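Asks: Starting off with a structure, shown below.
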Amino acid sequence: MTLVLILITVGLSIYGFSHPSFLYKLLDNPYAVSRRKEYYRLLTSGFVHADYLHLLLNMYVLYMFGSNMETIFGMSFGPQGGAYFLGLYLLGIIFANIPDQFRHKNNPGYNALGASGGVSAIVFASILIMPLNKLMIFPIPVEIPAWIFAIIYVAYSIYMDKRQSDRVNHMAHLYGALWGVLFMLWAYPGVLPVFFQQIGSSIGF
């Protein structure tokens, strides 16, 4: 299922690079969502990207983490595992767009696109299950425990959102991550104590 999502996203994104009108119909424009009731944009915006680098980064992370989460859901929920995986990813895209919907609903010139919300949901769901996995903060070639990566990621996203110094939607990253945590708390009610137990054991508590 991860590969299917990647193929669909790559296909639509590449087509959108050379067809601006098609791209515009799918990206998230809060004004159009609010005034013209084009609610589909909250989801379809996660299947188009601004450029090849944007697309490559999101799809690489989705590939790295998505298959693991598919396996975990499959082991836990059997044939329904795919539905859980799609719920985590697709609703993560929608949930991540909600802040923009309130902040920019009266701004017809504001647009957002990319799978970052869904990808962040997948990453943080994985961290909640496996907090001791080693991750690397690009471009620094040093691996750190996933739970420390999560803290740095959240702090960096908050800092960059306040600065507003680039064109990256850091708030979408945060809300996608939040959705990943909330979804896992619903799907695995006992995941939080186990999460802290693993961290405690690793640092000697």
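The way I read the labels, and the way they are meant: chains A, B, ... in the order of the structure tokens, residue 1 as the first residue of every chain, and ligand 1 as the first ligand shown, with later ones counted on from there.
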Return as a VMD selection string the full set of residues in range 10-202 of chain A whose backbone-based DSSP assignment is strand (DSSP E).

Replies: chain A and resid 134 to 136 143 to 145

Asks: When DSSP works through the backbone of this structure, what residues of range 13-199 of chain A end up as helix (DSSP H, G or I), shown as a PyMOL selection string?

Replies: chain A and resi 13-17+20-26+30-36+41-47+52-103+116-129+146-163+170-187+191-199

Asks: Do you have, as CSV, the list of residues of range 93-130 of chain A lying at most 9 Å from range 31-40 of chain A, each with its nearest atom pair and that distance in Å to one decimal, counting only C-alpha atoms and ordered by chain then number?

Replies:
```
residue,atom,partner,partner_atom,distance
A:Gln101,CA,A:Ser34,CA,7.8
A:His104,CA,A:Tyr31,CA,6.9
A:Lys105,CA,A:Tyr31,CA,4.5
A:Asn106,CA,A:Tyr31,CA,5.5
A:Asn107,CA,A:Tyr31,CA,5.8
A:Pro108,CA,A:Tyr31,CA,5.0
A:Gly109,CA,A:Tyr31,CA,8.1
A:Tyr110,CA,A:Tyr31,CA,7.8
A:Asn111,CA,A:Tyr31,CA,8.9
```

Asks: Those selected residues, please, written with N, CA, C and O atoms and delivered as a short mmCIF file (atom, residue, chain, number, x, y, z; two decimals), in the first residue's frame.

Replies:
```
data_model
loop_
_atom_site.label_atom_id
_atom_site.label_comp_id
_atom_site.auth_asym_id
_atom_site.auth_seq_id
_atom_site.Cartn_x
_atom_site.Cartn_y
_atom_site.Cartn_z
N GLN A 101 -6.65 26.28 7.24
CA GLN A 101 -8.04 26.55 6.88
C GLN A 101 -8.61 27.68 7.71
O GLN A 101 -9.38 28.51 7.22
N HIS A 104 -6.12 31.14 6.99
CA HIS A 104 -6.05 31.73 5.65
C HIS A 104 -7.35 31.62 4.86
O HIS A 104 -7.32 31.76 3.63
N LYS A 105 -8.46 31.39 5.53
CA LYS A 105 -9.71 31.18 4.80
C LYS A 105 -10.17 32.42 4.03
O LYS A 105 -10.99 32.31 3.11
N ASN A 106 -9.66 33.58 4.42
CA ASN A 106 -10.04 34.82 3.72
C ASN A 106 -8.94 35.33 2.81
O ASN A 106 -9.01 36.47 2.33
N ASN A 107 -7.94 34.50 2.55
CA ASN A 107 -6.81 34.89 1.71
C ASN A 107 -6.80 34.05 0.44
O ASN A 107 -6.30 32.93 0.43
N PRO A 108 -7.34 34.59 -0.65
CA PRO A 108 -7.42 33.80 -1.90
C PRO A 108 -6.06 33.47 -2.50
O PRO A 108 -5.95 32.57 -3.33
N GLY A 109 -5.01 34.18 -2.08
CA GLY A 109 -3.69 33.95 -2.65
C GLY A 109 -2.85 32.92 -1.92
O GLY A 109 -1.73 32.61 -2.34
N TYR A 110 -3.39 32.36 -0.83
CA TYR A 110 -2.61 31.39 -0.07
C TYR A 110 -2.87 29.98 -0.58
O TYR A 110 -4.02 29.55 -0.71
N ASN A 111 -1.80 29.24 -0.86
CA ASN A 111 -1.90 27.85 -1.31
C ASN A 111 -0.92 26.99 -0.53
O ASN A 111 0.13 27.46 -0.09
#
```

Asks: Neighbouring residues of Thr2 in chain A were defined as those with any atom within 8 Å, considering only C-alpha atoms; residues of the same chain fewer than 4 positions away were excluded. Please report them as a ChimeraX atom specification.

Replies: /A:6,62-63,66-67,70

Asks: Output N, CA, C and O atoms of each residue in that selection to a file, as a short mmCIF file (atom, residue, chain, number, x, y, z; two decimals), in the first residue's frame.

Replies:
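Result file is selection.cif:
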```
data_model
loop_
_atom_site.label_atom_id
_atom_site.label_comp_id
_atom_site.auth_asym_id
_atom_site.auth_seq_id
_atom_site.Cartn_x
_atom_site.Cartn_y
_atom_site.Cartn_z
N ILE A 6 2.87 5.96 -3.06
CA ILE A 6 4.02 6.65 -3.65
C ILE A 6 3.84 6.79 -5.15
O ILE A 6 4.07 7.87 -5.73
N LEU A 62 8.36 8.51 3.38
CA LEU A 62 7.19 7.64 3.38
C LEU A 62 7.60 6.20 3.11
O LEU A 62 7.09 5.27 3.76
N TYR A 63 8.50 5.99 2.18
CA TYR A 63 8.97 4.65 1.86
C TYR A 63 9.69 4.03 3.06
O TYR A 63 9.48 2.85 3.38
N GLY A 66 6.74 3.92 6.00
CA GLY A 66 5.42 3.40 5.69
C GLY A 66 5.31 1.90 5.73
O GLY A 66 4.36 1.34 6.30
N SER A 67 6.29 1.20 5.16
CA SER A 67 6.23 -0.26 5.13
C SER A 67 6.27 -0.85 6.53
O SER A 67 5.61 -1.86 6.81
N GLU A 70 2.83 -0.43 7.99
CA GLU A 70 1.94 -1.41 7.37
C GLU A 70 2.08 -2.78 8.03
O GLU A 70 1.09 -3.46 8.31
#
```

Asks: Can you tell me how far CA of Leu128 in chain A sits from CA of Pro141 in chain A, in Å to one decimal?

Replies: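 Interatomic distance here is 23.1 Å.
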
Asks: Can you pull out the residues contacting Leu178 in chain A? Cut-off 10 Å, using only C-alpha atoms, and skip same-chain residues under 6 positions away; I want them as an MDAnalysis selection string.

Replies: chainID A and resid 92 95:96 117 120:121 124:125 154 172

Asks: Selected residues, N, CA, C and O atoms, written as a short mmCIF file (atom, residue, chain, number, x, y, z; two decimals), in the first residue's frame, please.

Replies:
```cif
data_model
loop_
_atom_site.label_atom_id
_atom_site.label_comp_id
_atom_site.auth_asym_id
_atom_site.auth_seq_id
_atom_site.Cartn_x
_atom_site.Cartn_y
_atom_site.Cartn_z
N GLY A 92 -4.14 12.09 8.23
CA GLY A 92 -3.03 12.95 8.63
C GLY A 92 -2.87 14.13 7.69
O GLY A 92 -2.59 15.26 8.12
N PHE A 95 -5.86 16.47 8.52
CA PHE A 95 -5.70 17.09 9.83
C PHE A 95 -4.62 18.17 9.79
O PHE A 95 -4.76 19.23 10.42
N ALA A 96 -3.56 17.93 9.04
CA ALA A 96 -2.46 18.89 8.96
C ALA A 96 -2.86 20.17 8.24
O ALA A 96 -2.23 21.22 8.43
N GLY A 117 2.11 16.37 5.89
CA GLY A 117 1.24 16.07 7.02
C GLY A 117 1.06 14.58 7.22
O GLY A 117 1.19 14.06 8.34
N SER A 120 4.47 13.01 8.23
CA SER A 120 4.77 13.26 9.65
C SER A 120 3.94 12.35 10.55
O SER A 120 4.43 11.89 11.59
N ALA A 121 2.70 12.11 10.17
CA ALA A 121 1.84 11.21 10.96
C ALA A 121 2.44 9.81 11.00
O ALA A 121 2.48 9.16 12.06
N PHE A 124 5.73 9.83 13.26
CA PHE A 124 5.50 9.91 14.69
C PHE A 124 4.75 8.70 15.23
O PHE A 124 4.93 8.32 16.39
N ALA A 125 3.93 8.09 14.41
CA ALA A 125 3.31 6.82 14.81
C ALA A 125 4.38 5.77 15.02
O ALA A 125 4.35 5.00 15.99
N VAL A 154 9.97 18.68 16.75
CA VAL A 154 8.88 19.54 17.22
C VAL A 154 9.41 20.93 17.55
O VAL A 154 8.81 21.95 17.16
N ALA A 172 1.93 22.50 9.42
CA ALA A 172 1.37 21.26 8.88
C ALA A 172 2.18 20.07 9.36
O ALA A 172 1.62 19.00 9.66
#
```

Asks: Give me the residues near Ile14 in chain A as a list of chain:residue names, where near means some atom within 10 Å (using only C-alpha atoms) and where sequence neighbours in that chain fewer than 3 positions away do not count.

Replies: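 Contacts, with the query itself left out: A:Thr9, A:Val10, A:Gly11, A:Phe17, A:Ser18, A:His19, A:Leu23, A:Val48, A:His49, A:Ala50, A:Asp51, A:Tyr52, A:Leu55.
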
Asks: Based on the selection just made, write C-alpha atoms of those residues as a tab-separated table (two decimals), in the first residue's frame.

Replies:
```
chain	number	residue	atom	x	y	z
A	9	THR	CA	1.68	10.76	-5.60
A	10	VAL	CA	4.68	10.69	-7.94
A	11	GLY	CA	2.43	10.39	-11.00
A	17	PHE	CA	4.74	20.17	-12.67
A	18	SER	CA	3.95	20.74	-16.34
A	19	HIS	CA	0.21	21.39	-15.99
A	23	LEU	CA	-1.98	21.43	-9.98
A	48	VAL	CA	0.91	17.05	-5.44
A	49	HIS	CA	4.21	18.80	-4.72
A	50	ALA	CA	6.00	22.05	-5.45
A	51	ASP	CA	9.11	20.57	-7.09
A	52	TYR	CA	11.16	17.40	-7.47
A	55	LEU	CA	8.51	15.22	-3.82
```

Asks: Quick one: everything within 8 Å of Ser45 in chain A, counting only C-alpha atoms, minus sequence neighbours fewer than 2 positions away in the same chain. Send it as a VMD selection string.

Replies: chain A and resid 26 to 28 41 to 43 47 to 49 112 to 115

Asks: Using only C-alpha atoms, determine which residues lie at most 12 Å from Phe65 in chain A, disregarding the query and same-chain residues fewer than 5 positions distant; provide the list as an mmCIF file with N, CA, C and O atoms, in the first residue's frame.

Replies:
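Dumped to around-v8.cif:
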```cif
data_model
loop_
_atom_site.group_PDB
_atom_site.id
_atom_site.type_symbol
_atom_site.label_atom_id
_atom_site.label_comp_id
_atom_site.auth_asym_id
_atom_site.auth_seq_id
_atom_site.Cartn_x
_atom_site.Cartn_y
_atom_site.Cartn_z
ATOM 1 N N THR A 2 1.997 1.200 0.705
ATOM 2 C CA THR A 2 2.922 2.331 0.695
ATOM 3 C C THR A 2 3.386 2.621 -0.724
ATOM 4 O O THR A 2 3.412 3.782 -1.165
ATOM 5 N N LEU A 3 3.743 1.571 -1.457
ATOM 6 C CA LEU A 3 4.210 1.759 -2.829
ATOM 7 C C LEU A 3 3.108 2.302 -3.734
ATOM 8 O O LEU A 3 3.380 3.113 -4.629
ATOM 9 N N ASN A 58 9.676 13.768 0.604
ATOM 10 C CA ASN A 58 8.471 13.190 1.204
ATOM 11 C C ASN A 58 8.315 11.713 0.857
ATOM 12 O O ASN A 58 7.973 10.894 1.718
ATOM 13 N N MET A 59 8.566 11.362 -0.381
ATOM 14 C CA MET A 59 8.381 9.975 -0.789
ATOM 15 C C MET A 59 9.460 9.064 -0.205
ATOM 16 O O MET A 59 9.190 7.903 0.114
ATOM 17 N N TYR A 60 10.651 9.579 -0.041
ATOM 18 C CA TYR A 60 11.720 8.786 0.580
ATOM 19 C C TYR A 60 11.366 8.458 2.032
ATOM 20 O O TYR A 60 11.483 7.306 2.464
ATOM 21 N N GLU A 70 2.828 -0.434 7.993
ATOM 22 C CA GLU A 70 1.937 -1.409 7.367
ATOM 23 C C GLU A 70 2.082 -2.777 8.027
ATOM 24 O O GLU A 70 1.094 -3.458 8.305
ATOM 25 N N THR A 71 3.321 -3.188 8.263
ATOM 26 C CA THR A 71 3.581 -4.486 8.894
ATOM 27 C C THR A 71 3.011 -4.530 10.299
ATOM 28 O O THR A 71 2.380 -5.518 10.704
ATOM 29 N N ILE A 72 3.214 -3.458 11.051
ATOM 30 C CA ILE A 72 2.711 -3.397 12.432
ATOM 31 C C ILE A 72 1.194 -3.486 12.454
ATOM 32 O O ILE A 72 0.610 -4.257 13.234
ATOM 33 N N PHE A 85 -3.818 1.785 8.241
ATOM 34 C CA PHE A 85 -2.700 2.505 7.633
ATOM 35 C C PHE A 85 -3.199 3.693 6.808
ATOM 36 O O PHE A 85 -2.668 4.808 6.921
ATOM 37 N N TYR A 89 -2.522 7.769 7.428
ATOM 38 C CA TYR A 89 -1.875 8.614 6.410
ATOM 39 C C TYR A 89 -2.823 9.656 5.814
ATOM 40 O O TYR A 89 -2.520 10.861 5.813
ATOM 41 N N GLY A 118 0.766 13.869 6.141
ATOM 42 C CA GLY A 118 0.600 12.424 6.227
ATOM 43 C C GLY A 118 1.904 11.724 6.564
ATOM 44 O O GLY A 118 1.926 10.768 7.344
ATOM 45 N N VAL A 119 3.001 12.211 5.981
ATOM 46 C CA VAL A 119 4.309 11.607 6.245
ATOM 47 C C VAL A 119 4.697 11.808 7.702
ATOM 48 O O VAL A 119 5.196 10.883 8.360
ATOM 49 N N SER A 120 4.467 13.007 8.232
ATOM 50 C CA SER A 120 4.768 13.258 9.646
ATOM 51 C C SER A 120 3.940 12.354 10.555
ATOM 52 O O SER A 120 4.431 11.892 11.590
ATOM 53 N N ALA A 121 2.699 12.112 10.173
ATOM 54 C CA ALA A 121 1.845 11.210 10.958
ATOM 55 C C ALA A 121 2.437 9.807 10.997
ATOM 56 O O ALA A 121 2.479 9.164 12.055
ATOM 57 N N ILE A 122 2.916 9.331 9.848
ATOM 58 C CA ILE A 122 3.533 8.006 9.778
ATOM 59 C C ILE A 122 4.797 7.956 10.635
ATOM 60 O O ILE A 122 5.029 7.006 11.394
ATOM 61 N N VAL A 123 5.628 8.982 10.535
ATOM 62 C CA VAL A 123 6.891 9.015 11.274
ATOM 63 C C VAL A 123 6.642 9.001 12.777
ATOM 64 O O VAL A 123 7.261 8.225 13.519
ATOM 65 N N PHE A 124 5.726 9.829 13.256
ATOM 66 C CA PHE A 124 5.504 9.913 14.695
ATOM 67 C C PHE A 124 4.752 8.700 15.230
ATOM 68 O O PHE A 124 4.931 8.325 16.391
ATOM 69 N N ALA A 125 3.927 8.088 14.408
ATOM 70 C CA ALA A 125 3.307 6.825 14.812
ATOM 71 C C ALA A 125 4.384 5.771 15.019
ATOM 72 O O ALA A 125 4.353 5.001 15.987
ATOM 73 N N SER A 126 5.353 5.742 14.117
ATOM 74 C CA SER A 126 6.455 4.797 14.218
ATOM 75 C C SER A 126 7.307 5.069 15.461
ATOM 76 O O SER A 126 7.708 4.143 16.173
ATOM 77 N N ILE A 127 7.556 6.338 15.740
ATOM 78 C CA ILE A 127 8.355 6.700 16.911
ATOM 79 C C ILE A 127 7.656 6.283 18.195
ATOM 80 O O ILE A 127 8.300 5.836 19.150
ATOM 81 N N ILE A 129 5.752 3.756 18.628
ATOM 82 C CA ILE A 129 5.879 2.311 18.768
ATOM 83 C C ILE A 129 7.333 1.900 19.036
ATOM 84 O O ILE A 129 7.613 1.006 19.847
ATOM 85 N N MET A 130 8.256 2.549 18.362
ATOM 86 C CA MET A 130 9.680 2.175 18.444
ATOM 87 C C MET A 130 10.530 3.398 18.775
ATOM 88 O O MET A 130 11.277 3.906 17.928
ATOM 89 N N ASN A 133 14.508 3.323 18.107
ATOM 90 C CA ASN A 133 15.092 3.219 16.768
ATOM 91 C C ASN A 133 16.037 4.390 16.512
ATOM 92 O O ASN A 133 15.796 5.508 16.986
ATOM 93 N N LEU A 135 17.597 7.269 14.300
ATOM 94 C CA LEU A 135 17.292 8.119 13.159
ATOM 95 C C LEU A 135 18.394 9.149 12.998
ATOM 96 O O LEU A 135 19.114 9.452 13.947
#
```

Asks: Using only C-alpha atoms for the distances, tell me which of A:Gly200, A:Pro99, A:Pro20, A:Gly81 is nearest to Met69 in chain A.

Replies: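 Counting only C-alpha atoms, the residue closest to Met69 in chain A is A:Gly81.
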
Asks: Between A:Met75, A:Met171, A:Leu86, A:Leu57, which one has atoms that come closest to Met1 in chain A, using only C-alpha atoms?

Replies: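 Selected residue with least distance to Met1 in chain A: A:Leu86.
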
Asks: In Å to one decimal, how far is CA of Leu7 in chain A from CA of Asn29 in chain A?

Replies: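 Interatomic distance here is 24.0 Å.
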